[in-house]
>>> print(open('entry-v8.cif').read())   # mmCIF, C-alpha atoms
data_upload
#
loop_
_atom_site.label_atom_id
_atom_site.label_comp_id
_atom_site.auth_asym_id
_atom_site.auth_seq_id
_atom_site.Cartn_x
_atom_site.Cartn_y
_atom_site.Cartn_z
CA SER A 1 -6.38 44.91 -9.20
CA ALA A 2 -5.26 43.38 -5.92
CA ALA A 3 -6.03 46.71 -4.22
CA GLY A 4 -9.72 46.36 -5.06
CA ASP A 5 -12.03 47.89 -7.66
CA SER A 6 -12.99 50.75 -5.35
CA LEU A 7 -9.43 52.14 -5.12
CA ASP A 8 -8.22 54.55 -7.81
CA ILE A 9 -4.45 54.08 -7.60
CA ALA A 10 -3.66 57.01 -9.92
CA ALA A 11 -5.82 59.35 -7.83
CA THR A 12 -4.25 58.03 -4.62
CA LEU A 13 -0.75 58.78 -5.90
CA ARG A 14 -1.82 62.34 -6.75
CA ASP A 15 -3.29 62.89 -3.30
CA PRO A 16 -1.31 65.74 -1.61
CA ARG A 17 -0.98 63.59 1.51
CA VAL A 18 0.96 60.95 -0.45
CA CYS A 19 4.66 61.15 -1.29
CA VAL A 20 6.22 58.57 -3.60
CA VAL A 21 9.85 57.66 -2.81
CA LEU A 22 11.86 56.16 -5.67
CA ASP A 23 15.08 54.44 -4.68
CA GLY A 24 17.94 53.89 -7.14
CA TRP A 25 16.81 56.64 -9.53
CA SER A 26 20.32 56.94 -10.96
CA GLU A 27 20.47 53.18 -11.67
CA PHE A 28 17.88 53.15 -14.47
CA SER A 29 19.59 51.88 -17.60
CA ALA A 30 18.16 54.65 -19.83
CA ASP A 31 16.66 58.10 -19.36
CA SER A 32 13.63 56.97 -21.38
CA GLU A 33 12.74 54.64 -18.49
CA ARG A 34 12.91 57.55 -16.05
CA ALA A 35 10.76 59.67 -18.38
CA HIS A 36 8.17 56.88 -18.58
CA ALA A 37 8.07 56.61 -14.77
CA MET A 38 7.59 60.37 -14.44
CA ASN A 39 4.70 60.30 -16.92
CA LEU A 40 3.00 57.64 -14.83
CA LEU A 41 3.55 59.74 -11.71
CA HIS A 42 2.46 63.04 -13.24
CA GLY A 43 0.84 65.21 -10.59
CA SER A 44 2.35 63.22 -7.70
CA ARG A 45 4.85 64.38 -5.10
CA VAL A 46 8.04 62.44 -5.69
CA ILE A 47 11.37 62.08 -3.88
CA ALA A 48 14.01 60.21 -5.90
CA ASN A 49 17.21 58.87 -4.35
CA GLY A 50 20.25 58.77 -6.63
CA ARG A 51 23.96 58.35 -6.35
CA ARG A 52 26.45 61.13 -5.86
CA GLY A 53 27.23 63.09 -9.01
CA PHE A 54 23.93 62.19 -10.70
CA SER A 55 21.47 64.98 -11.46
CA ASP A 56 18.04 65.16 -13.07
CA PRO A 57 16.63 68.55 -14.14
CA ARG A 58 13.11 67.37 -13.28
CA PHE A 59 14.02 67.47 -9.60
CA LYS A 60 15.43 69.95 -7.16
CA THR A 61 18.70 68.41 -5.95
CA TRP A 62 20.08 68.07 -2.43
CA GLU A 63 23.35 66.32 -1.60
CA ILE A 64 23.77 64.51 1.72
CA ASP A 65 26.77 65.85 3.62
CA PRO A 66 29.07 63.51 5.58
CA LEU A 67 27.72 62.67 9.00
CA PRO A 68 29.28 64.48 11.98
CA SER A 69 31.69 62.37 14.01
CA ALA A 70 29.43 62.61 17.09
CA VAL A 71 26.50 61.12 15.13
CA VAL A 72 28.69 58.23 13.95
CA GLN A 73 29.91 57.52 17.48
CA ASP A 74 26.37 57.61 18.88
CA ALA A 75 25.12 55.19 16.21
CA ILE A 76 27.95 52.72 16.84
CA THR A 77 27.57 52.91 20.62
CA THR A 78 23.84 52.29 20.29
CA ALA A 79 24.30 49.34 17.92
CA PHE A 80 27.36 47.81 19.63
CA PRO A 81 27.64 48.95 23.28
CA GLU A 82 30.58 46.63 24.01
CA ARG A 83 32.63 47.52 20.92
CA PRO A 84 36.04 49.14 21.60
CA ALA A 85 36.91 52.42 19.91
CA ILE A 86 37.14 52.10 16.14
CA ASP A 87 40.08 53.08 13.98
CA PRO A 88 40.02 56.78 12.97
CA MET A 89 40.42 55.87 9.29
CA LEU A 90 37.44 53.54 9.51
CA GLU A 91 35.40 56.30 11.14
CA GLU A 92 36.04 58.51 8.09
CA ILE A 93 34.25 55.99 5.87
CA LEU A 94 31.44 55.65 8.41
CA GLN A 95 30.72 59.36 7.94
CA ILE A 96 29.32 58.38 4.54
CA PRO A 97 25.70 57.41 5.38
CA LEU A 98 25.81 54.24 3.26
CA GLY A 99 29.11 53.25 4.88
CA LEU A 100 27.61 53.54 8.35
CA SER A 101 24.49 51.62 7.30
CA LEU A 102 26.59 48.79 5.86
CA TYR A 103 28.81 48.66 8.93
CA ILE A 104 25.81 48.23 11.22
CA LEU A 105 24.02 45.78 8.89
CA LEU A 106 27.21 43.67 8.77
CA GLY A 107 27.12 43.48 12.56
CA GLY A 108 30.27 45.57 12.90
CA SER A 109 32.29 42.71 11.44
CA ALA A 110 34.29 45.05 9.19
CA THR A 111 37.08 45.95 11.60
CA THR A 112 39.35 47.61 9.04
CA CYS A 113 38.89 50.38 6.53
CA GLY A 114 39.78 48.06 3.64
CA GLU A 115 37.10 45.52 4.60
CA LEU A 116 34.40 48.17 4.75
CA LEU A 117 35.47 49.80 1.48
CA SER A 118 35.30 46.42 -0.25
CA SER A 119 31.78 45.83 1.11
CA PHE A 120 30.82 49.38 0.16
CA HIS A 121 31.95 48.89 -3.44
CA ALA A 122 30.37 45.43 -3.69
CA HIS A 123 27.04 46.83 -2.50
CA LEU A 124 27.05 49.63 -5.07
CA SER A 125 28.15 47.38 -7.94
CA ARG A 126 25.59 44.63 -7.41
CA GLY A 127 24.67 43.10 -10.75
CA PHE A 128 27.72 44.53 -12.55
CA PRO A 129 29.94 42.23 -14.66
CA ALA A 130 32.56 40.48 -12.53
CA GLU A 131 35.38 42.06 -14.57
CA PHE A 132 34.33 45.62 -13.78
CA ARG A 133 36.17 45.91 -10.44
CA ARG A 134 39.41 44.74 -12.02
CA VAL A 135 39.00 47.21 -14.90
CA LEU A 136 38.14 50.14 -12.63
CA ALA A 137 40.92 49.38 -10.14
CA GLY A 138 43.44 48.96 -12.93
CA ALA A 139 42.53 52.36 -14.37
CA VAL A 140 42.84 54.03 -10.94
CA ALA A 141 46.23 52.36 -10.32
CA SER A 142 47.49 53.59 -13.69
CA SER A 143 46.37 57.13 -12.83
CA GLU A 144 48.31 56.97 -9.57
CA LEU A 145 51.46 55.64 -11.21
CA GLU A 146 51.39 58.35 -13.88
CA GLN A 147 51.52 61.12 -11.23
CA ARG A 148 49.79 63.62 -13.49
CA GLY A 149 46.83 64.35 -11.29
CA ARG A 150 43.42 62.76 -11.59
CA SER A 151 42.69 63.84 -15.15
CA TRP A 152 39.24 62.64 -16.23
CA SER A 153 40.20 62.19 -19.88
CA ARG A 154 43.33 60.15 -19.10
CA PHE A 155 41.42 58.12 -16.53
CA THR A 156 38.55 57.25 -18.88
CA ASN A 157 41.01 56.43 -21.68
CA GLU A 158 42.76 54.00 -19.34
CA LEU A 159 39.38 52.61 -18.29
CA GLN A 160 38.60 51.82 -21.93
CA THR A 161 42.06 50.27 -22.43
CA GLN A 162 41.60 48.03 -19.41
CA ALA A 163 38.06 47.14 -20.55
CA LEU A 164 39.26 46.09 -24.01
CA GLU A 165 41.79 43.70 -22.46
CA VAL A 166 39.00 41.72 -20.78
CA LYS A 167 36.36 42.40 -23.46
CA LEU A 168 34.14 44.38 -21.09
CA GLU A 169 31.55 46.51 -22.87
CA HIS A 170 29.98 49.79 -21.74
CA ALA A 171 32.60 50.47 -19.07
CA GLU A 172 31.85 54.21 -18.93
CA ASP A 173 28.13 53.57 -18.56
CA LEU A 174 28.88 51.25 -15.65
CA LEU A 175 31.13 53.91 -14.12
CA GLN A 176 28.29 56.42 -14.28
CA ARG A 177 25.86 53.97 -12.73
CA LEU A 178 28.34 53.21 -9.95
CA GLY A 179 28.31 56.86 -8.90
CA THR A 180 31.46 56.83 -6.76
CA LEU A 181 33.75 58.72 -9.15
CA GLU A 182 32.51 61.89 -10.80
CA LEU A 183 33.74 64.47 -13.28
CA ARG A 184 34.39 67.90 -11.82
CA GLU A 185 36.32 70.56 -13.71
CA SER A 186 38.08 67.94 -15.90
CA HIS A 187 39.23 65.89 -12.91
CA VAL A 188 38.09 62.70 -11.22
CA VAL A 189 36.58 63.34 -7.78
CA PRO A 190 36.02 60.16 -5.69
CA ILE A 191 33.33 59.84 -3.05
CA HIS A 192 36.23 59.64 -0.57
CA ASP A 193 40.00 59.69 -0.98
CA LEU A 194 40.30 56.40 0.93
CA TYR A 195 37.99 54.78 -1.62
CA TRP A 196 40.30 55.94 -4.41
CA SER A 197 43.31 54.61 -2.45
CA TRP A 198 41.62 51.24 -2.00
CA LEU A 199 40.87 50.99 -5.72
CA SER A 200 44.48 51.91 -6.49
CA GLY A 201 45.75 49.19 -4.14
CA VAL A 202 43.43 46.60 -5.69
CA GLY A 203 44.78 47.57 -9.11
CA LEU A 204 48.41 47.44 -8.00
CA LEU A 205 48.04 44.03 -6.38
CA GLY A 206 45.73 42.54 -9.00
CA GLY A 207 47.90 43.79 -11.84
CA ASN A 208 51.15 42.71 -10.14
CA ARG A 209 52.47 46.28 -10.27
CA ILE A 210 53.84 46.52 -6.73
CA THR A 211 57.42 46.97 -7.94
CA SER A 212 56.38 49.87 -10.18
CA SER A 213 54.82 51.61 -7.19
CA LEU A 214 57.88 51.51 -4.93
CA ARG A 215 59.00 55.01 -5.93
CA LEU A 216 55.71 56.46 -4.69
CA LEU A 217 55.38 56.42 -0.91
CA LYS A 218 51.70 57.37 -1.09
CA THR A 219 50.89 53.98 -2.63
CA ARG A 220 51.84 52.19 0.61
CA GLN A 221 48.46 53.07 2.09
CA ASP A 222 46.79 51.91 -1.13
CA VAL A 223 48.33 48.46 -0.81
CA THR A 224 47.48 48.24 2.90
CA LEU A 225 43.81 48.96 2.21
CA ALA A 226 43.71 46.33 -0.55
CA LEU A 227 45.32 43.74 1.72
CA GLU A 228 42.84 44.56 4.48
CA SER A 229 40.00 43.85 2.06
CA GLY A 230 41.23 40.29 1.54
CA LEU A 231 43.43 40.43 -1.55
CA ARG A 232 46.34 38.00 -1.41
CA PRO A 233 49.81 38.69 -2.81
CA ASP A 234 52.11 36.02 -4.15
CA GLY A 235 55.65 35.13 -3.14
CA ARG A 236 57.21 36.95 -6.08
CA MET A 237 55.86 40.25 -4.78
CA VAL A 238 57.57 39.73 -1.42
CA THR A 239 60.96 38.86 -2.85
CA SER A 240 60.80 41.66 -5.43
CA VAL A 241 60.36 44.43 -2.83
CA GLN A 242 62.13 43.18 0.30
CA ASP A 243 65.45 44.81 -0.54
CA SER A 244 63.80 48.16 -1.34
CA ASP A 245 61.13 48.26 1.35
CA VAL A 246 61.31 45.58 4.03
CA LEU A 247 58.21 46.94 5.82
CA LEU A 248 56.06 46.60 2.72
CA ALA A 249 57.51 43.13 2.10
CA SER A 250 56.60 42.16 5.68
CA GLU A 251 53.04 43.39 5.26
CA LEU A 252 52.71 41.32 2.09
CA ALA A 253 54.27 38.26 3.75
CA ALA A 254 51.77 38.39 6.62
CA ARG A 255 49.02 37.59 4.10
CA LEU A 256 51.02 35.29 1.89
CA GLY A 257 49.93 31.89 3.08
CA SER A 258 52.18 28.89 2.43
CA ASP A 259 54.99 30.22 0.21
CA GLU A 260 57.80 29.05 2.50
CA ALA A 261 60.60 30.16 0.19
CA ALA A 262 59.48 33.80 0.10
CA VAL A 263 58.71 33.89 3.83
CA GLY A 264 62.01 32.23 4.69
CA SER A 265 63.98 34.71 2.60
CA LEU A 266 62.28 37.64 4.30
CA GLN A 267 62.70 36.11 7.75
CA ASN A 268 66.45 35.76 7.19
CA LYS A 269 66.70 39.39 6.13
CA VAL A 270 64.72 40.64 9.15
CA ALA A 271 66.73 38.42 11.52
CA VAL A 272 69.96 40.02 10.25
CA MET A 273 68.49 43.49 10.72
CA LEU A 274 67.51 42.67 14.31
CA GLU A 275 71.17 41.91 15.08
CA ASP A 276 72.63 44.92 13.26
CA SER A 277 75.05 47.10 15.24
CA ARG A 278 72.99 50.23 14.42
CA LEU A 279 69.90 50.84 16.55
CA PRO A 280 67.89 52.47 13.71
CA VAL A 281 68.37 49.35 11.59
CA ARG A 282 67.37 47.11 14.50
CA CYS A 283 64.26 49.24 15.04
CA ARG A 284 63.28 48.91 11.40
CA GLY A 285 63.81 45.16 11.72
CA MET A 286 61.55 45.17 14.79
CA LEU A 287 58.75 46.90 12.84
CA ALA A 288 59.19 44.43 10.00
CA ALA A 289 58.94 41.50 12.41
CA PHE A 290 55.72 42.87 13.91
CA ARG A 291 54.23 43.51 10.46
CA ALA A 292 55.20 40.06 9.15
CA HIS A 293 53.35 38.32 12.01
CA ASP A 294 56.30 35.96 12.38
CA GLY A 295 56.28 34.36 15.81
CA ARG A 296 59.75 32.88 15.31
CA ILE A 297 61.40 36.31 15.68
CA LEU A 298 58.88 37.94 18.00
CA SER A 299 61.00 37.59 21.15
CA ARG A 300 63.96 39.30 19.50
CA ALA A 301 61.69 42.06 18.16
CA LEU A 302 60.33 42.70 21.66
CA ALA A 303 63.90 42.89 22.97
CA VAL A 304 64.65 45.61 20.41
CA LEU A 305 61.53 47.48 21.54
CA THR A 306 63.02 47.46 25.05
CA GLU A 307 66.32 48.78 23.66
CA MET A 308 64.51 51.52 21.79
CA ARG A 309 62.56 52.69 24.83
CA GLY A 310 65.73 52.51 26.91
CA ALA A 311 67.23 54.98 24.45
CA LYS A 312 64.29 57.32 25.17
CA ILE A 313 62.77 56.74 21.73
CA TYR A 314 59.01 56.47 21.33
CA SER A 315 57.53 55.67 17.91
CA ALA A 316 53.84 55.52 17.07
CA SER A 317 54.81 53.25 14.18
CA VAL A 318 55.10 50.44 16.73
CA ASN A 319 51.40 50.74 17.58
CA ASP A 320 50.50 50.74 13.88
CA ALA A 321 52.58 47.60 13.28
CA LEU A 322 51.02 45.55 16.08
CA ASP A 323 48.27 43.09 15.17
CA MET A 324 46.03 42.03 18.03
CA ASP A 325 45.22 38.57 16.67
CA PHE A 326 48.92 37.84 16.13
CA LEU A 327 49.89 39.04 19.60
CA TYR A 328 47.13 37.05 21.25
CA ALA A 329 48.22 33.89 19.44
CA HIS A 330 51.75 34.46 20.83
CA ARG A 331 50.78 35.69 24.29
CA GLY A 332 53.16 33.12 25.80
CA GLU A 333 56.20 34.94 24.42
CA LEU A 334 54.53 38.23 25.28
CA SER A 335 53.97 37.11 28.90
CA SER A 336 57.68 36.33 29.31
CA TRP A 337 58.59 39.82 28.12
CA ILE A 338 55.91 41.84 29.95
CA GLY A 339 57.48 44.02 32.64
CA SER A 340 60.35 45.09 30.40
CA MET A 341 60.67 48.65 29.12
CA GLY A 342 58.08 49.17 26.40
CA THR A 343 55.36 47.23 28.22
CA ASP A 344 53.28 50.42 28.46
CA GLN A 345 53.20 50.75 24.66
CA ILE A 346 52.03 47.19 24.12
CA LEU A 347 49.35 47.57 26.79
CA GLU A 348 48.26 50.87 25.24
CA SER A 349 47.66 49.11 21.92
CA ILE A 350 45.75 46.28 23.62
CA ALA A 351 43.60 48.83 25.45
CA ARG A 352 42.78 50.67 22.23
CA ARG A 353 42.29 47.79 19.82
CA GLY A 354 42.04 44.56 21.81
CA ASP A 355 38.80 42.75 22.51
CA SER A 356 37.33 41.13 25.63
CA ARG A 357 39.46 37.95 25.41
CA TRP A 358 42.49 39.93 26.62
CA GLY A 359 40.84 40.46 30.01
CA ALA A 360 41.61 36.99 31.38
CA TRP A 361 45.23 37.21 30.20
CA LEU A 362 45.74 40.57 31.85
CA GLU A 363 44.20 39.24 35.05
CA GLN A 364 46.64 36.31 35.04
CA LEU A 365 49.56 38.72 34.70
CA MET A 366 48.26 40.78 37.59
CA ASN A 367 47.82 37.68 39.79
CA SER A 368 51.36 36.58 38.97
CA GLY A 369 52.71 39.98 40.01
CA LYS A 370 53.96 40.98 36.56
CA LEU A 371 51.43 43.82 36.36
CA THR A 372 49.94 46.06 39.01
CA ALA A 373 46.17 46.33 39.41
CA THR A 374 46.35 49.98 38.35
CA ILE A 375 48.09 49.17 35.05
CA THR A 376 45.74 46.27 34.36
CA ALA A 377 42.65 48.40 34.97
CA ALA A 378 43.99 51.09 32.62
CA ALA A 379 44.48 48.51 29.90
#
>>> encode(input="entry-v8.cif", output="structure tokens")
Amino acid sequence: SAAGDSLDIAATLRDPRVCVVLDGWSEFSADSERAHAMNLLHGSRVIANGRRGFSDPRFKTWEIDPLPSAVVQDAITTAFPERPAIDPMLEEILQIPLGLSLYILLGGSATTCGELLSSFHAHLSRGFPAEFRRVLAGAVASSELEQRGRSWSRFTNELQTQALEVKLEHAEDLLQRLGTLELRESHVVPIHDLYWSWLSGVGLLGGNRITSSLRLLKTRQDVTLALESGLRPDGRMVTSVQDSDVLLASELAARLGSDEAAVGSLQNKVAVMLEDSRLPVRCRGMLAAFRAHDGRILSRALAVLTEMRGAKIYSASVNDALDMDFLYAHRGELSSWIGSMGTDQILESIARRGDSRWGAWLEQLMNSGKLTATITAAA
């Protein structure tokens, strides 16, 4: 052998000072392969890494608990000292050891929960048929729309139905190999609820079932996560929901691309809301304008924010609706408005989620007298 005639590999593996680590133990295609490997390693000390929910009676089993928040923060600070604070939802996924590893290996480029969940799933499903994600997501979306709890039997039946439509074989075997959804007391238990939500959103968008989900408020987060991961809606989705939920329609429109008819229809609706005689309607129009990333109505939306704060109303929904890239691209309009009531809320969002490029802009505002040095330093 390449190791030399003098080395007895079998004896070396049985040496008590040697421990064999087997990665991907749950990914073997058949138990007979695992049995064959164990026969070859008879008498050796072995640690086998498998996916959550997988067990093997030949081993004593330990499950890795989620990482404490302090450990996650320390790891991110060490890897990316200049990185601003991450989103709390994203931090939840980073408490999964593989999620944190992927985040760091990707250079921290996954800035949203949806992006990281997509990378997480892609990593675990390497080598799977391309249709599997669509089938799995479709089954999860159907389970959510049924509102009967996460029944394992109904879920796997739907998985088979979805698989038949695209002629995907061995869907349940692939699900077991994936290891992110497990059976526990007749119910589906995901590795994390946000992962289940992301799959549901992928299924709702990919299956064009947004309209069917309107009655369920909990699916709004599902769709947001799917959009964050890069899925694109079409114009029909925007027009079909804008009368029922203008905020959801705006979120879809922000990622629509070049469908001018759908965007124009939504813009007209939001513009009317921004001029409504009722402040609550104007405020909802303001949130829709922020979510739609439409620079043509940004100035009016900022004016409504000033009205809202003048009425002693503070809403955290404003912070959630603000997109840093969009605001930076329209910093000219923002500069004209800065100094009005509500400025503190915009600066708070920039301080929490903005990057280093905002520094020069803030300095310009301070030099022009629109901001004090104290406010600029806080941002």
>>> atom_distance(input="entry-v8.cif", atom1="atom CA of A:Ser55", atom2="atom CA of A:Trp25")
9.7 Å
>>> resolve_selection(input="entry-v8.cif", expression="the PyMOL selection byres ((chain A and resi 121) around 10)", output="PDB file with C-alpha atoms, keeping the file's coordinate frame")
ATOM      1  CA  GLY A  99      29.110  53.250   4.880  1.00  0.00           C
ATOM      2  CA  LEU A 116      34.400  48.170   4.750  1.00  0.00           C
ATOM      3  CA  LEU A 117      35.470  49.800   1.480  1.00  0.00           C
ATOM      4  CA  SER A 118      35.300  46.420  -0.250  1.00  0.00           C
ATOM      5  CA  SER A 119      31.780  45.830   1.110  1.00  0.00           C
ATOM      6  CA  PHE A 120      30.820  49.380   0.160  1.00  0.00           C
ATOM      7  CA  ALA A 122      30.370  45.430  -3.690  1.00  0.00           C
ATOM      8  CA  HIS A 123      27.040  46.830  -2.500  1.00  0.00           C
ATOM      9  CA  LEU A 124      27.050  49.630  -5.070  1.00  0.00           C
ATOM     10  CA  SER A 125      28.150  47.380  -7.940  1.00  0.00           C
ATOM     11  CA  ARG A 126      25.590  44.630  -7.410  1.00  0.00           C
ATOM     12  CA  ARG A 133      36.170  45.910 -10.440  1.00  0.00           C
ATOM     13  CA  LEU A 178      28.340  53.210  -9.950  1.00  0.00           C
ATOM     14  CA  THR A 180      31.460  56.830  -6.760  1.00  0.00           C
ATOM     15  CA  TYR A 195      37.990  54.780  -1.620  1.00  0.00           C
ATOM     16  CA  LEU A 199      40.870  50.990  -5.720  1.00  0.00           C
TER      17      LEU A 199
END
>>> resolve_selection(input="entry-v8.cif", expression="the PyMOL selection byres ((chain A and resi 197) around 8)", output="list in words")
Asp193, Leu194, Tyr195, Trp196, Trp198, Leu199, Ser200, Gly201, Thr219, Gln221, Asp222 and Leu225 of chain A
>>> resolve_selection(input="entry-v8.cif", expression="the PyMOL selection byres ((chain A and resi 359) around 12)", output="list in words")
Tyr328, Leu347, Ile350, Ala351, Gly354, Asp355, Ser356, Arg357, Trp358, Ala360, Trp361, Leu362, Glu363, Gln364, Leu365, Met366, Thr376, Ala377, Ala378 and Ala379 of chain A
>>> atom_distance(input="entry-v8.cif", atom1="atom CA of A:Ser250", atom2="atom CA of A:His293")
8.1 Å
>>> atom_distance(input="entry-v8.cif", atom1="atom CA of A:Ser186", atom2="atom CA of A:Ser151")
6.2 Å
>>> closest_residue(input="entry-v8.cif", among="A:Ile338, A:Val72, A:Val263, A:Val166", to="A:Ser368", atoms="only C-alpha atoms")
A:Ile338
>>> residues_around(input="entry-v8.cif", residues="A:Val135", least_positions_apart="3", cutoff="7 Å", atoms="all atoms listed in the file", output="number ranges by chain")
A: 131-132, 138-139, 159, 162-163
>>> axis_aligned_box(input="entry-v8.cif", around="stretch 121-126 of chain A", padding_each_side="8 Å", output="lines of an AutoDock Vina configuration file")
center_x = 28.8
center_y = 47.1
center_z = -5.2
size_x = 22.4
size_y = 21.0
size_z = 21.4
>>> residues_around(input="entry-v8.cif", residues="A:Phe28", least_positions_apart="3", cutoff="12 Å", atoms="all atoms listed in the file", output="list of chain:residue names")
A:Leu22, A:Asp23, A:Gly24, A:Trp25, A:Asp31, A:Ser32, A:Glu33, A:Arg34, A:Ala35, A:His36, A:Ala37, A:Ala48, A:Asn49, A:Gly50, A:Arg51, A:Phe54, A:Asp173, A:Leu174, A:Gln176, A:Arg177, A:Leu178
